[in-house]
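*Asks:* Input file: input_5.cif. Contents: mmCIF, C-alpha atoms.
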data_target
loop_
_atom_site.label_atom_id
_atom_site.label_comp_id
_atom_site.auth_asym_id
_atom_site.auth_seq_id
_atom_site.Cartn_x
_atom_site.Cartn_y
_atom_site.Cartn_z
CA MET A 1 -8.67 -17.22 76.15
CA SER A 2 -5.10 -16.71 75.14
CA ALA A 3 -2.56 -19.22 73.91
CA PRO A 4 -1.39 -21.77 74.80
CA PHE A 5 -4.62 -22.82 76.49
CA SER A 6 -6.89 -22.62 73.48
CA ASP A 7 -4.54 -23.60 70.71
CA PRO A 8 -5.94 -26.46 68.59
CA ILE A 9 -4.08 -28.04 65.71
CA TRP A 10 -7.06 -27.87 63.36
CA GLN A 11 -6.80 -25.67 60.30
CA ARG A 12 -9.21 -23.59 58.27
CA PRO A 13 -9.00 -24.15 54.51
CA HIS A 14 -6.82 -21.65 52.65
CA ALA A 15 -9.94 -20.19 51.04
CA ALA A 16 -11.75 -19.82 54.37
CA ILE A 17 -14.41 -17.13 54.46
CA SER A 18 -14.12 -13.97 56.52
CA LEU A 19 -17.35 -12.78 58.12
CA GLN A 20 -18.30 -9.41 59.54
CA PRO A 21 -21.13 -8.46 61.95
CA LEU A 22 -23.25 -7.09 59.12
CA VAL A 23 -27.02 -7.42 59.42
CA SER A 24 -29.63 -5.07 57.96
CA ALA A 25 -31.83 -3.58 60.68
CA GLY A 26 -35.49 -4.52 60.37
CA LYS A 27 -34.70 -7.38 58.02
CA HIS A 28 -37.46 -9.97 57.48
CA VAL A 29 -36.44 -13.61 56.91
CA ASP A 30 -38.00 -17.04 57.16
CA VAL A 31 -35.48 -18.40 59.67
CA VAL A 32 -33.01 -16.89 62.12
CA VAL A 33 -30.48 -19.47 63.32
CA VAL A 34 -28.65 -18.53 66.51
CA GLY A 35 -25.27 -20.26 66.58
CA ALA A 36 -22.96 -20.92 63.63
CA GLY A 37 -21.68 -24.30 64.74
CA ILE A 38 -22.28 -27.59 62.99
CA MET A 39 -25.97 -27.86 63.85
CA GLY A 40 -26.74 -24.22 63.10
CA LEU A 41 -24.93 -24.27 59.77
CA SER A 42 -26.39 -27.63 58.76
CA THR A 43 -29.88 -26.35 59.57
CA ALA A 44 -29.24 -23.15 57.63
CA LEU A 45 -27.78 -24.91 54.59
CA HIS A 46 -30.58 -27.42 54.27
CA ALA A 47 -33.30 -24.85 54.99
CA ALA A 48 -31.92 -22.63 52.23
CA ARG A 49 -31.87 -25.59 49.85
CA LEU A 50 -35.58 -26.05 50.65
CA GLY A 51 -36.27 -22.48 49.59
CA LEU A 52 -36.28 -20.67 52.95
CA VAL A 53 -34.56 -17.32 53.51
CA VAL A 54 -32.09 -17.81 56.36
CA GLN A 55 -30.01 -15.50 58.58
CA VAL A 56 -27.40 -17.00 60.93
CA LEU A 57 -26.11 -15.07 63.94
CA ASP A 58 -23.10 -16.04 66.04
CA ALA A 59 -21.71 -14.35 69.14
CA GLY A 60 -18.16 -15.15 68.06
CA ASP A 61 -16.41 -16.36 64.93
CA ILE A 62 -17.01 -19.49 62.90
CA GLY A 63 -15.49 -22.51 64.63
CA GLN A 64 -14.72 -20.67 67.85
CA GLY A 65 -16.97 -22.98 69.88
CA ALA A 66 -17.05 -26.74 70.27
CA SER A 67 -17.73 -27.34 66.57
CA GLY A 68 -14.20 -26.19 65.72
CA LEU A 69 -12.52 -27.44 68.89
CA ASN A 70 -13.72 -31.04 69.20
CA GLY A 71 -11.72 -34.18 68.45
CA GLY A 72 -13.15 -34.62 64.97
CA GLN A 73 -14.42 -38.14 65.58
CA VAL A 74 -17.44 -38.94 63.42
CA ILE A 75 -19.24 -41.75 65.22
CA PRO A 76 -22.69 -43.04 64.25
CA GLY A 77 -25.24 -44.17 66.80
CA LEU A 78 -26.23 -42.84 70.18
CA LYS A 79 -25.14 -43.72 73.69
CA TYR A 80 -27.85 -46.37 73.62
CA ASP A 81 -28.16 -49.39 71.33
CA PRO A 82 -31.17 -50.51 69.24
CA GLU A 83 -32.86 -52.76 71.81
CA TRP A 84 -32.84 -50.02 74.46
CA LEU A 85 -34.28 -47.49 71.99
CA LEU A 86 -37.11 -49.87 71.05
CA GLU A 87 -37.87 -50.59 74.70
CA HIS A 88 -37.98 -46.93 75.71
CA PHE A 89 -39.55 -45.31 72.63
CA GLY A 90 -41.75 -48.10 71.27
CA ALA A 91 -41.62 -49.78 67.89
CA GLU A 92 -42.42 -46.87 65.54
CA ARG A 93 -40.39 -44.12 67.23
CA GLY A 94 -37.64 -46.57 68.20
CA GLU A 95 -37.17 -47.78 64.64
CA ALA A 96 -37.04 -44.20 63.38
CA LEU A 97 -34.41 -43.36 65.98
CA ILE A 98 -32.35 -46.43 65.11
CA SER A 99 -32.39 -45.51 61.41
CA PHE A 100 -31.43 -41.93 62.23
CA ALA A 101 -28.63 -42.99 64.57
CA ALA A 102 -27.23 -45.38 61.97
CA SER A 103 -27.10 -42.59 59.37
CA THR A 104 -25.31 -39.80 61.22
CA ALA A 105 -21.77 -40.58 60.06
CA ASP A 106 -23.02 -40.98 56.48
CA SER A 107 -24.51 -37.49 56.67
CA VAL A 108 -21.03 -36.03 57.25
CA PHE A 109 -19.06 -38.02 54.72
CA ASP A 110 -21.78 -37.73 52.07
CA LEU A 111 -21.76 -33.96 52.53
CA ILE A 112 -17.97 -33.79 52.21
CA ARG A 113 -18.17 -35.84 49.01
CA ASP A 114 -21.23 -34.27 47.43
CA GLU A 115 -20.26 -30.66 48.17
CA GLN A 116 -16.53 -31.28 47.53
CA LEU A 117 -15.63 -29.79 50.90
CA THR A 118 -11.96 -29.07 51.57
CA VAL A 119 -11.85 -31.19 54.71
CA PRO A 120 -9.09 -33.68 55.60
CA PHE A 121 -10.71 -36.97 56.60
CA VAL A 122 -10.08 -40.69 57.03
CA ARG A 123 -13.00 -43.12 57.07
CA LYS A 124 -11.55 -46.34 58.45
CA GLY A 125 -13.85 -46.74 61.43
CA TRP A 126 -14.05 -46.22 65.18
CA ILE A 127 -12.75 -48.62 67.80
CA GLN A 128 -14.43 -48.86 71.19
CA ALA A 129 -11.59 -50.43 73.14
CA ALA A 130 -12.48 -52.61 76.14
CA HIS A 131 -10.25 -52.58 79.21
CA THR A 132 -12.27 -55.07 81.34
CA GLU A 133 -14.18 -58.30 80.79
CA VAL A 134 -17.42 -56.47 81.60
CA ALA A 135 -16.68 -53.94 78.86
CA LEU A 136 -15.87 -56.78 76.46
CA LYS A 137 -19.29 -58.36 77.10
CA ALA A 138 -20.95 -54.98 76.50
CA ALA A 139 -19.06 -54.70 73.21
CA ALA A 140 -20.29 -58.15 72.16
CA ASN A 141 -23.87 -57.12 72.96
CA ARG A 142 -23.52 -53.92 70.94
CA ASP A 143 -21.97 -55.85 68.06
CA ARG A 144 -24.84 -58.35 68.04
CA GLN A 145 -27.49 -55.65 67.92
CA TRP A 146 -25.93 -53.48 65.23
CA ARG A 147 -24.75 -56.28 62.95
CA ALA A 148 -28.28 -57.73 63.04
CA ARG A 149 -29.29 -54.45 61.42
CA GLY A 150 -26.63 -54.59 58.75
CA ALA A 151 -23.95 -52.38 60.31
CA ASP A 152 -20.43 -52.88 58.97
CA ALA A 153 -18.91 -53.81 62.32
CA LYS A 154 -17.01 -56.57 64.07
CA LEU A 155 -15.69 -57.66 67.45
CA LEU A 156 -11.94 -57.36 67.90
CA SER A 157 -9.69 -59.77 69.79
CA LYS A 158 -6.94 -58.56 72.06
CA ALA A 159 -4.38 -59.20 69.32
CA GLU A 160 -6.46 -57.25 66.78
CA VAL A 161 -6.84 -54.26 69.08
CA VAL A 162 -3.11 -54.23 69.75
CA ALA A 163 -2.35 -54.41 66.03
CA MET A 164 -4.85 -51.68 65.09
CA THR A 165 -4.09 -49.23 67.92
CA GLY A 166 -0.59 -50.05 69.13
CA ALA A 167 -1.91 -49.24 72.62
CA LYS A 168 -1.38 -51.11 75.89
CA GLY A 169 -3.99 -52.42 78.29
CA TYR A 170 -6.97 -53.51 76.18
CA LEU A 171 -8.60 -56.96 76.18
CA GLY A 172 -10.43 -56.50 72.90
CA GLY A 173 -12.99 -54.15 71.45
CA TRP A 174 -15.52 -53.29 68.79
CA LEU A 175 -14.87 -51.82 65.35
CA ASP A 176 -17.59 -49.76 63.65
CA ARG A 177 -16.41 -49.20 60.08
CA ARG A 178 -19.12 -46.61 59.42
CA ALA A 179 -17.15 -44.06 61.46
CA GLY A 180 -14.12 -41.92 60.75
CA VAL A 181 -12.23 -38.73 61.57
CA ILE A 182 -12.22 -35.23 60.10
CA ASP A 183 -10.64 -31.84 60.77
CA PRO A 184 -13.58 -30.24 62.63
CA LEU A 185 -12.52 -26.62 62.10
CA ALA A 186 -12.13 -27.18 58.36
CA TYR A 187 -15.53 -28.89 58.30
CA THR A 188 -17.30 -26.09 60.17
CA SER A 189 -15.63 -23.47 57.95
CA GLU A 190 -16.65 -25.33 54.81
CA LEU A 191 -20.23 -25.71 56.02
CA ALA A 192 -20.32 -21.93 56.35
CA ARG A 193 -18.89 -21.51 52.84
CA VAL A 194 -21.46 -23.74 51.13
CA ALA A 195 -24.27 -22.24 53.21
CA LEU A 196 -23.27 -18.77 51.99
CA ALA A 197 -23.12 -20.07 48.43
CA SER A 198 -26.67 -21.38 48.90
CA GLY A 199 -27.97 -17.94 49.86
CA VAL A 200 -27.65 -18.05 53.66
CA GLU A 201 -26.60 -14.78 55.32
CA ILE A 202 -24.12 -15.29 58.19
CA ALA A 203 -23.08 -12.59 60.66
CA ALA A 204 -20.22 -13.21 63.07
CA ARG A 205 -19.83 -11.32 66.35
CA GLN A 206 -23.55 -10.56 66.37
CA LYS A 207 -24.89 -11.99 69.61
CA ALA A 208 -28.65 -12.53 69.94
CA VAL A 209 -29.80 -11.13 73.29
CA GLY A 210 -33.59 -10.96 73.05
CA LEU A 211 -36.54 -12.90 71.62
CA SER A 212 -40.18 -11.85 71.54
CA ARG A 213 -43.18 -13.01 69.55
CA SER A 214 -45.87 -10.81 68.06
CA GLY A 215 -48.43 -11.34 65.35
CA GLY A 216 -47.16 -14.77 64.36
CA SER A 217 -43.54 -13.74 63.86
CA TRP A 218 -40.44 -13.56 66.00
CA ARG A 219 -38.45 -10.45 66.82
CA VAL A 220 -34.75 -11.11 67.40
CA GLU A 221 -32.63 -8.42 69.02
CA THR A 222 -28.84 -8.43 68.91
CA GLU A 223 -26.21 -7.01 71.23
CA ASN A 224 -25.23 -4.61 68.45
CA GLY A 225 -28.69 -3.06 68.44
CA VAL A 226 -29.98 -4.76 65.30
CA THR A 227 -33.52 -6.17 65.20
CA LEU A 228 -34.68 -8.93 62.84
CA GLN A 229 -38.10 -10.40 62.08
CA ALA A 230 -38.48 -14.12 61.37
CA LYS A 231 -41.16 -16.77 61.06
CA PHE A 232 -38.90 -19.30 62.79
CA VAL A 233 -35.99 -19.09 65.23
CA VAL A 234 -33.63 -22.03 65.78
CA VAL A 235 -31.34 -21.80 68.81
CA ALA A 236 -28.30 -23.96 68.08
CA THR A 237 -25.96 -22.94 70.90
CA ASN A 238 -25.83 -26.30 72.72
CA ALA A 239 -23.11 -26.23 75.43
CA TYR A 240 -22.75 -22.44 75.03
CA THR A 241 -26.45 -21.82 75.70
CA ASP A 242 -27.25 -18.74 77.78
CA SER A 243 -30.49 -17.12 78.94
CA LEU A 244 -31.92 -16.38 75.47
CA ILE A 245 -34.58 -19.07 76.05
CA PRO A 246 -35.51 -19.09 79.75
CA GLY A 247 -34.62 -22.35 81.47
CA LEU A 248 -32.83 -23.93 78.50
CA ALA A 249 -29.32 -23.57 79.93
CA GLU A 250 -30.54 -25.31 83.10
CA THR A 251 -31.49 -28.47 81.15
CA ILE A 252 -27.86 -29.35 80.35
CA VAL A 253 -24.59 -29.77 82.20
CA PRO A 254 -21.77 -28.17 80.21
CA LEU A 255 -18.51 -30.03 80.68
CA HIS A 256 -15.03 -29.22 79.46
CA SER A 257 -13.34 -31.59 77.07
CA PHE A 258 -9.57 -31.11 77.11
CA GLN A 259 -7.23 -32.24 74.32
CA ILE A 260 -3.52 -32.53 73.67
CA ALA A 261 -1.55 -33.13 70.49
CA THR A 262 1.96 -34.51 70.22
CA ALA A 263 4.60 -33.31 67.82
CA PRO A 264 4.30 -35.08 64.44
CA LEU A 265 5.28 -38.72 64.90
CA SER A 266 8.30 -40.23 63.23
CA SER A 267 7.61 -42.71 60.42
CA SER A 268 8.44 -45.67 62.66
CA LEU A 269 6.09 -44.50 65.43
CA ALA A 270 3.37 -43.60 62.96
CA GLY A 271 3.55 -47.08 61.50
CA ALA A 272 2.95 -48.70 64.89
CA ILE A 273 0.31 -46.31 66.29
CA LEU A 274 -3.12 -46.38 64.64
CA PRO A 275 -1.53 -47.42 61.33
CA GLU A 276 -4.90 -47.44 59.50
CA GLY A 277 -6.12 -44.17 61.03
CA GLN A 278 -9.12 -45.28 63.09
CA ALA A 279 -10.65 -43.21 65.85
CA VAL A 280 -10.59 -44.76 69.33
CA SER A 281 -12.54 -44.30 72.55
CA ASP A 282 -12.00 -46.55 75.53
CA SER A 283 -14.47 -48.13 77.95
CA ARG A 284 -13.45 -46.33 81.13
CA ARG A 285 -16.02 -44.39 83.11
CA ILE A 286 -13.99 -41.25 82.42
CA LEU A 287 -12.96 -42.26 78.95
CA VAL A 288 -10.19 -40.98 76.77
CA TYR A 289 -10.48 -40.70 73.00
CA TYR A 290 -7.74 -40.40 70.43
CA ARG A 291 -6.82 -40.38 66.76
CA LYS A 292 -4.10 -39.24 64.42
CA SER A 293 -4.30 -35.88 62.68
CA ALA A 294 -3.73 -35.14 59.02
CA ASP A 295 -0.21 -33.91 59.81
CA GLY A 296 0.70 -37.07 61.73
CA ARG A 297 0.23 -36.07 65.37
CA LEU A 298 -1.48 -38.19 68.00
CA VAL A 299 -4.43 -36.23 69.40
CA LEU A 300 -5.88 -37.40 72.73
CA GLY A 301 -8.77 -35.94 74.69
CA GLY A 302 -10.88 -36.50 77.76
CA ARG A 303 -12.80 -34.83 80.51
CA GLY A 304 -11.09 -31.79 82.04
CA ARG A 305 -11.54 -29.65 85.12
CA MET A 306 -14.86 -27.86 85.53
CA ALA A 307 -13.19 -24.46 85.89
CA LEU A 308 -11.32 -22.76 83.09
CA PRO A 309 -7.70 -23.92 82.81
CA THR A 310 -5.01 -21.72 84.26
CA SER A 311 -1.79 -23.54 83.30
CA SER A 312 -0.49 -26.44 81.24
CA ALA A 313 -0.69 -28.55 84.42
CA ASP A 314 -4.45 -28.77 83.86
CA TRP A 315 -3.72 -31.19 80.99
CA THR A 316 -1.42 -33.44 83.07
CA HIS A 317 -4.07 -36.15 83.44
CA LEU A 318 -4.19 -36.51 79.66
CA GLU A 319 -0.43 -36.70 79.40
CA ARG A 320 -0.49 -39.52 81.97
CA ALA A 321 -3.15 -41.33 79.92
CA LEU A 322 -1.05 -40.91 76.79
CA ARG A 323 2.04 -42.40 78.45
CA ARG A 324 -0.03 -45.26 79.90
CA LEU A 325 -1.38 -46.20 76.51
CA TYR A 326 1.80 -45.48 74.58
CA PRO A 327 4.94 -45.71 76.74
CA VAL A 328 6.95 -45.37 73.52
CA LEU A 329 5.78 -41.74 73.31
CA SER A 330 7.37 -40.75 76.63
CA GLY A 331 10.02 -38.73 74.83
CA VAL A 332 7.68 -37.08 72.31
CA ALA A 333 6.76 -33.48 73.06
CA ILE A 334 3.21 -32.29 73.67
CA GLU A 335 2.98 -29.30 71.36
CA LYS A 336 -0.67 -28.24 71.60
CA ARG A 337 -3.28 -28.03 74.35
CA TRP A 338 -6.86 -26.83 74.03
CA PHE A 339 -10.39 -27.34 75.32
CA GLY A 340 -14.04 -26.81 74.48
CA ARG A 341 -17.44 -27.44 76.00
CA VAL A 342 -19.75 -30.38 75.52
CA ALA A 343 -23.38 -30.52 76.64
CA MET A 344 -24.67 -33.48 78.61
CA THR A 345 -28.30 -34.17 79.44
CA PRO A 346 -29.45 -36.24 82.43
CA ASP A 347 -30.79 -39.03 80.20
CA HIS A 348 -27.80 -38.92 77.81
CA LEU A 349 -30.05 -38.23 74.83
CA PRO A 350 -30.33 -35.15 72.61
CA HIS A 351 -33.37 -33.00 73.37
CA ILE A 352 -35.47 -31.03 70.89
CA HIS A 353 -37.64 -28.27 72.35
CA GLU A 354 -40.31 -26.02 70.87
CA PRO A 355 -41.40 -23.92 73.88
CA GLU A 356 -43.47 -21.65 71.62
CA PRO A 357 -44.63 -22.05 68.02
CA GLY A 358 -41.78 -21.37 65.62
CA LEU A 359 -39.06 -21.38 68.31
CA LEU A 360 -36.86 -24.48 68.29
CA ALA A 361 -33.79 -25.54 70.20
CA ALA A 362 -31.71 -28.70 70.28
CA VAL A 363 -29.17 -29.54 72.99
CA GLY A 364 -27.15 -32.50 74.20
CA CYS A 365 -24.55 -33.96 71.84
CA GLN A 366 -23.18 -36.35 74.49
CA GLY A 367 -19.81 -36.24 72.71
CA ARG A 368 -21.09 -37.36 69.29
CA GLY A 369 -21.88 -33.96 67.92
CA VAL A 370 -20.18 -33.98 64.52
CA GLY A 371 -22.42 -36.61 62.96
CA LEU A 372 -25.41 -36.10 65.22
CA MET A 373 -25.72 -32.36 64.68
CA THR A 374 -25.06 -32.55 60.95
CA ALA A 375 -27.91 -35.03 60.55
CA LEU A 376 -30.20 -33.27 63.04
CA GLY A 377 -29.79 -29.94 61.24
CA LYS A 378 -31.16 -31.47 58.05
CA CYS A 379 -34.13 -32.91 59.97
CA ILE A 380 -34.92 -29.57 61.61
CA ALA A 381 -34.77 -27.84 58.22
CA GLY A 382 -37.25 -30.39 56.90
CA TYR A 383 -39.57 -29.70 59.82
CA LEU A 384 -39.39 -25.92 59.30
CA SER A 385 -40.18 -26.32 55.62
CA SER A 386 -43.01 -28.84 55.93
CA GLY A 387 -44.43 -28.45 59.43
CA ASP A 388 -44.38 -32.26 59.66
CA VAL A 389 -43.14 -33.23 63.12
CA ARG A 390 -42.31 -36.69 61.77
CA GLN A 391 -39.27 -35.06 60.17
CA LEU A 392 -37.74 -34.90 63.66
CA PRO A 393 -36.05 -38.08 64.88
CA PHE A 394 -36.52 -37.28 68.57
CA PRO A 395 -39.83 -36.36 70.19
CA VAL A 396 -40.28 -32.68 70.97
CA SER A 397 -40.08 -32.37 74.74
CA PRO A 398 -40.84 -29.57 77.21
CA ILE A 399 -37.98 -27.64 78.79
CA ARG A 400 -37.37 -29.22 82.18
CA PRO A 401 -34.57 -27.52 84.16
CA ILE A 402 -32.42 -29.89 86.20
CA PRO A 403 -33.31 -29.58 89.90
CA PHE A 404 -30.65 -27.71 91.89
CA HIS A 405 -28.85 -26.95 88.64
CA ALA A 406 -26.62 -24.38 90.32
CA PHE A 407 -25.09 -27.17 92.41
CA ARG A 408 -24.97 -29.71 89.59
CA GLN A 409 -21.39 -29.00 88.56
CA ILE A 410 -20.17 -29.58 92.11
CA GLY A 411 -21.81 -33.01 92.05
CA VAL A 412 -20.45 -33.76 88.59
CA ALA A 413 -16.92 -32.80 89.65
CA ALA A 414 -17.17 -35.13 92.67
CA THR A 415 -18.54 -37.94 90.48
CA ILE A 416 -15.72 -37.51 87.95
CA ALA A 417 -13.13 -37.70 90.75
CA TRP A 418 -14.75 -40.88 92.10
CA TYR A 419 -14.94 -42.46 88.65
CA ARG A 420 -11.26 -41.68 88.06
CA THR A 421 -10.49 -43.57 91.25
CA LEU A 422 -12.52 -46.60 90.14
CA ASP A 423 -10.89 -46.53 86.70
CA ALA A 424 -7.45 -46.50 88.31
CA LEU A 425 -8.32 -49.55 90.40
CA GLU A 426 -9.28 -51.50 87.26
CA ARG A 427 -5.99 -51.04 85.47
#
Could you express the structure from this file as structure tokens?

*Replies:*
Amino acid sequence: MSAPFSDPIWQRPHAAISLQPLVSAGKHVDVVVVGAGIMGLSTALHAARLGLVVQVLDAGDIGQGASGLNGGQVIPGLKYDPEWLLEHFGAERGEALISFAASTADSVFDLIRDEQLTVPFVRKGWIQAAHTEVALKAAANRDRQWRARGADAKLLSKAEVVAMTGAKGYLGGWLDRRAGVIDPLAYTSELARVALASGVEIAARQKAVGLSRSGGSWRVETENGVTLQAKFVVVATNAYTDSLIPGLAETIVPLHSFQIATAPLSSSLAGAILPEGQAVSDSRRILVYYRKSADGRLVLGGRGRMALPTSSADWTHLERALRRLYPVLSGVAIEKRWFGRVAMTPDHLPHIHEPEPGLLAAVGCQGRGVGLMTALGKCIAGYLSSGDVRQLPFPVSPIRPIPFHAFRQIGVAATIAWYRTLDALER
């Protein structure tokens, strides 16, 4: 896709690595990871640190997919709160999931600190801003559950939300101080750098097109005609999943997340809009999320059209949301527009699959991929190294394609349009 419709503001570090599609034919490794996004690179890094020989393959370049295009919000937790997880997974699995969910933001910021990654970040929390009384009650329920488990969080009054966001239209909200924001392209690039330094081999523009199993090992074929042998294969393609594992792509609904970035804000505007640098998501059915970037822009994102964009008009709904929240920005130019894919599952939970021994896949970030996939990669590496399924926070589930998947996007598009109408009526 050509500019200006895939033109994020995120930056690679000055010392960013340059990868070539170089793989030795007939190479034998412990693990082939397909997909060099956050989950793939986290898996590779941690597997190498556990002594495994790892080869990563990516169809494109590092950061070209959602890992380098997302909003860079690092939010702990899942879509569901502790009590729901206990009810649906039972005490033992539920507690393990709660502990995992609570740790996902830590996994990112600890990695940045411990590995001295060149990644701009601010860790001042995430605000879930409530625009209705119903949403405010939900925020209070979430606050009760997480604070009972020691989370550094608090309910926000209307005045506090106004002071912390500078935005119009909220009745209150919830602040989770465990969260923060990063530059996602810098983070993905730096994950690749430290993985390489740990002995991982990474090949860009080397698409995996075939998998077969023989004699206890996996044979991985690439589009470039290279064949690899591996004990384990991890497919970490998420929203960009194709037919490499039959039926896997039909278990998710890939949606487009569109984003815009303003010109850098003046000092007076910057002082009134997110002055402490929190991330924000609102409580609408079709939510918008926003933050400030390291160079002082306001970055706002939300659900986009199901088809690929064709003009800047495809971002108009986000510009309207920006002006609604911040009328003071009406005269500030929108300088960047871009989009990426996110993967949604019907139950709004990540899914881990092992359709055959030694073949793993994980899909379904539900919009929380930075922390979730960093932490999940470490867990998968632990499972590969030990064979202990208790290393995995989610139960391994069979691949279950969504019925009538070919028509799913039509239904999703209609649902999004209806939800937008309901959200407009609640303003």

*Asks:* Taking the file as I've supplied it (selection: the PyMOL selection byres ((chain A and resi 180) around 8)), which residues are included? Please answer as an NGL selection string.

*Replies:* :A and (73-75 or 105 or 121-126 or 177-179 or 181-182 or 278-279)

*Asks:* Taking the file as shown, what set of residues would the PyMOL selection byres ((chain A and resi 77) around 6) give back, as a compact mmCIF listing (two decimals) with C-alpha atoms, in the frame of the given file?

*Replies:*
# COMPACT_ATOMS: atom_id res chain seq x y z
CA PRO A 76 -22.69 -43.04 64.25
CA LEU A 78 -26.23 -42.84 70.18
CA ALA A 101 -28.63 -42.99 64.57
CA ALA A 102 -27.23 -45.38 61.97

*Asks:* When distances are computed from all atoms listed in the file, which of A:Met344, A:Ala129, A:Leu196, A:Leu69 shows the smallest separation from A:Glu250?

*Replies:*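 So, comparing all the options, the nearest one is A:Met344.
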
*Asks:* Restricting the calculation to only C-alpha atoms, which member of A:His88, A:Arg144, A:Arg113, A:Arg324 is positioned closest to A:Tyr187?

*Replies:*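 Comparing A:His88, A:Arg144, A:Arg113, A:Arg324 against A:Tyr187, the winner is A:Arg113.
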
*Asks:* Closest to A:Met164 among A:Ile245, A:Leu274, A:Leu349, A:Val233, using all atoms listed in the file?

*Replies:*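 Residue with the minimum atom-to-atom distance to A:Met164: A:Leu274.
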
*Asks:* Find the spatial neighbours of A:Ala313, counting all atoms listed in the file, within a cut-off of 12 Å - ignore same-chain residues fewer than 2 positions away - and output them as a VMD selection string.

*Replies:* chain A and resid 4 to 5 258 260 304 to 305 309 to 311 315 to 320 337

*Asks:* Take the residues from that selection and put them in a file with C-alpha atoms, as a PDB file, in the frame of the given file.

*Replies:*
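Written file, result.pdb:
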ATOM      1  CA  PRO A   4      -1.390 -21.770  74.800  1.00  0.00           C
ATOM      2  CA  PHE A   5      -4.620 -22.820  76.490  1.00  0.00           C
ATOM      3  CA  PHE A 258      -9.570 -31.110  77.110  1.00  0.00           C
ATOM      4  CA  ILE A 260      -3.520 -32.530  73.670  1.00  0.00           C
ATOM      5  CA  GLY A 304     -11.090 -31.790  82.040  1.00  0.00           C
ATOM      6  CA  ARG A 305     -11.540 -29.650  85.120  1.00  0.00           C
ATOM      7  CA  PRO A 309      -7.700 -23.920  82.810  1.00  0.00           C
ATOM      8  CA  THR A 310      -5.010 -21.720  84.260  1.00  0.00           C
ATOM      9  CA  SER A 311      -1.790 -23.540  83.300  1.00  0.00           C
ATOM     10  CA  TRP A 315      -3.720 -31.190  80.990  1.00  0.00           C
ATOM     11  CA  THR A 316      -1.420 -33.440  83.070  1.00  0.00           C
ATOM     12  CA  HIS A 317      -4.070 -36.150  83.440  1.00  0.00           C
ATOM     13  CA  LEU A 318      -4.190 -36.510  79.660  1.00  0.00           C
ATOM     14  CA  GLU A 319      -0.430 -36.700  79.400  1.00  0.00           C
ATOM     15  CA  ARG A 320      -0.490 -39.520  81.970  1.00  0.00           C
ATOM     16  CA  ARG A 337      -3.280 -28.030  74.350  1.00  0.00           C
TER      17      ARG A 337
END

*Asks:* Show me the residues around (-10.6, -43.5, 78.4) - criterion: an atom at most 10 Å away, all atoms listed in the file counted - as a ChimeraX atom specification.

*Replies:* /A:128-131,280-290,300-303,318,321,325,420,423

*Asks:* Save out the residues we just selected, C-alpha atoms, as an mmCIF file, in the frame of the given file.

*Replies:*
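Just written: out-v6.cif:
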data_model
loop_
_atom_site.group_PDB
_atom_site.id
_atom_site.type_symbol
_atom_site.label_atom_id
_atom_site.label_comp_id
_atom_site.auth_asym_id
_atom_site.auth_seq_id
_atom_site.Cartn_x
_atom_site.Cartn_y
_atom_site.Cartn_z
ATOM 1 C CA GLN A 128 -14.430 -48.860 71.190
ATOM 2 C CA ALA A 129 -11.590 -50.430 73.140
ATOM 3 C CA ALA A 130 -12.480 -52.610 76.140
ATOM 4 C CA HIS A 131 -10.250 -52.580 79.210
ATOM 5 C CA VAL A 280 -10.590 -44.760 69.330
ATOM 6 C CA SER A 281 -12.540 -44.300 72.550
ATOM 7 C CA ASP A 282 -12.000 -46.550 75.530
ATOM 8 C CA SER A 283 -14.470 -48.130 77.950
ATOM 9 C CA ARG A 284 -13.450 -46.330 81.130
ATOM 10 C CA ARG A 285 -16.020 -44.390 83.110
ATOM 11 C CA ILE A 286 -13.990 -41.250 82.420
ATOM 12 C CA LEU A 287 -12.960 -42.260 78.950
ATOM 13 C CA VAL A 288 -10.190 -40.980 76.770
ATOM 14 C CA TYR A 289 -10.480 -40.700 73.000
ATOM 15 C CA TYR A 290 -7.740 -40.400 70.430
ATOM 16 C CA LEU A 300 -5.880 -37.400 72.730
ATOM 17 C CA GLY A 301 -8.770 -35.940 74.690
ATOM 18 C CA GLY A 302 -10.880 -36.500 77.760
ATOM 19 C CA ARG A 303 -12.800 -34.830 80.510
ATOM 20 C CA LEU A 318 -4.190 -36.510 79.660
ATOM 21 C CA ALA A 321 -3.150 -41.330 79.920
ATOM 22 C CA LEU A 325 -1.380 -46.200 76.510
ATOM 23 C CA ARG A 420 -11.260 -41.680 88.060
ATOM 24 C CA ASP A 423 -10.890 -46.530 86.700
#

*Asks:* Could you tell me, as a CSV table (one decimal) with C-alpha atoms, keeping the file's coordinate frame, which residues have any atom at most 12 Å from (7.5, -39.1, 61.5), counting only C-alpha atoms?

*Replies:*
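File produced: out_27.csv:
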chain,number,residue,atom,x,y,z
A,262,THR,CA,2.0,-34.5,70.2
A,263,ALA,CA,4.6,-33.3,67.8
A,264,PRO,CA,4.3,-35.1,64.4
A,265,LEU,CA,5.3,-38.7,64.9
A,266,SER,CA,8.3,-40.2,63.2
A,267,SER,CA,7.6,-42.7,60.4
A,268,SER,CA,8.4,-45.7,62.7
A,269,LEU,CA,6.1,-44.5,65.4
A,270,ALA,CA,3.4,-43.6,63.0
A,271,GLY,CA,3.6,-47.1,61.5
A,272,ALA,CA,3.0,-48.7,64.9
A,273,ILE,CA,0.3,-46.3,66.3
A,292,LYS,CA,-4.1,-39.2,64.4
A,295,ASP,CA,-0.2,-33.9,59.8
A,296,GLY,CA,0.7,-37.1,61.7
A,297,ARG,CA,0.2,-36.1,65.4
A,298,LEU,CA,-1.5,-38.2,68.0
A,332,VAL,CA,7.7,-37.1,72.3
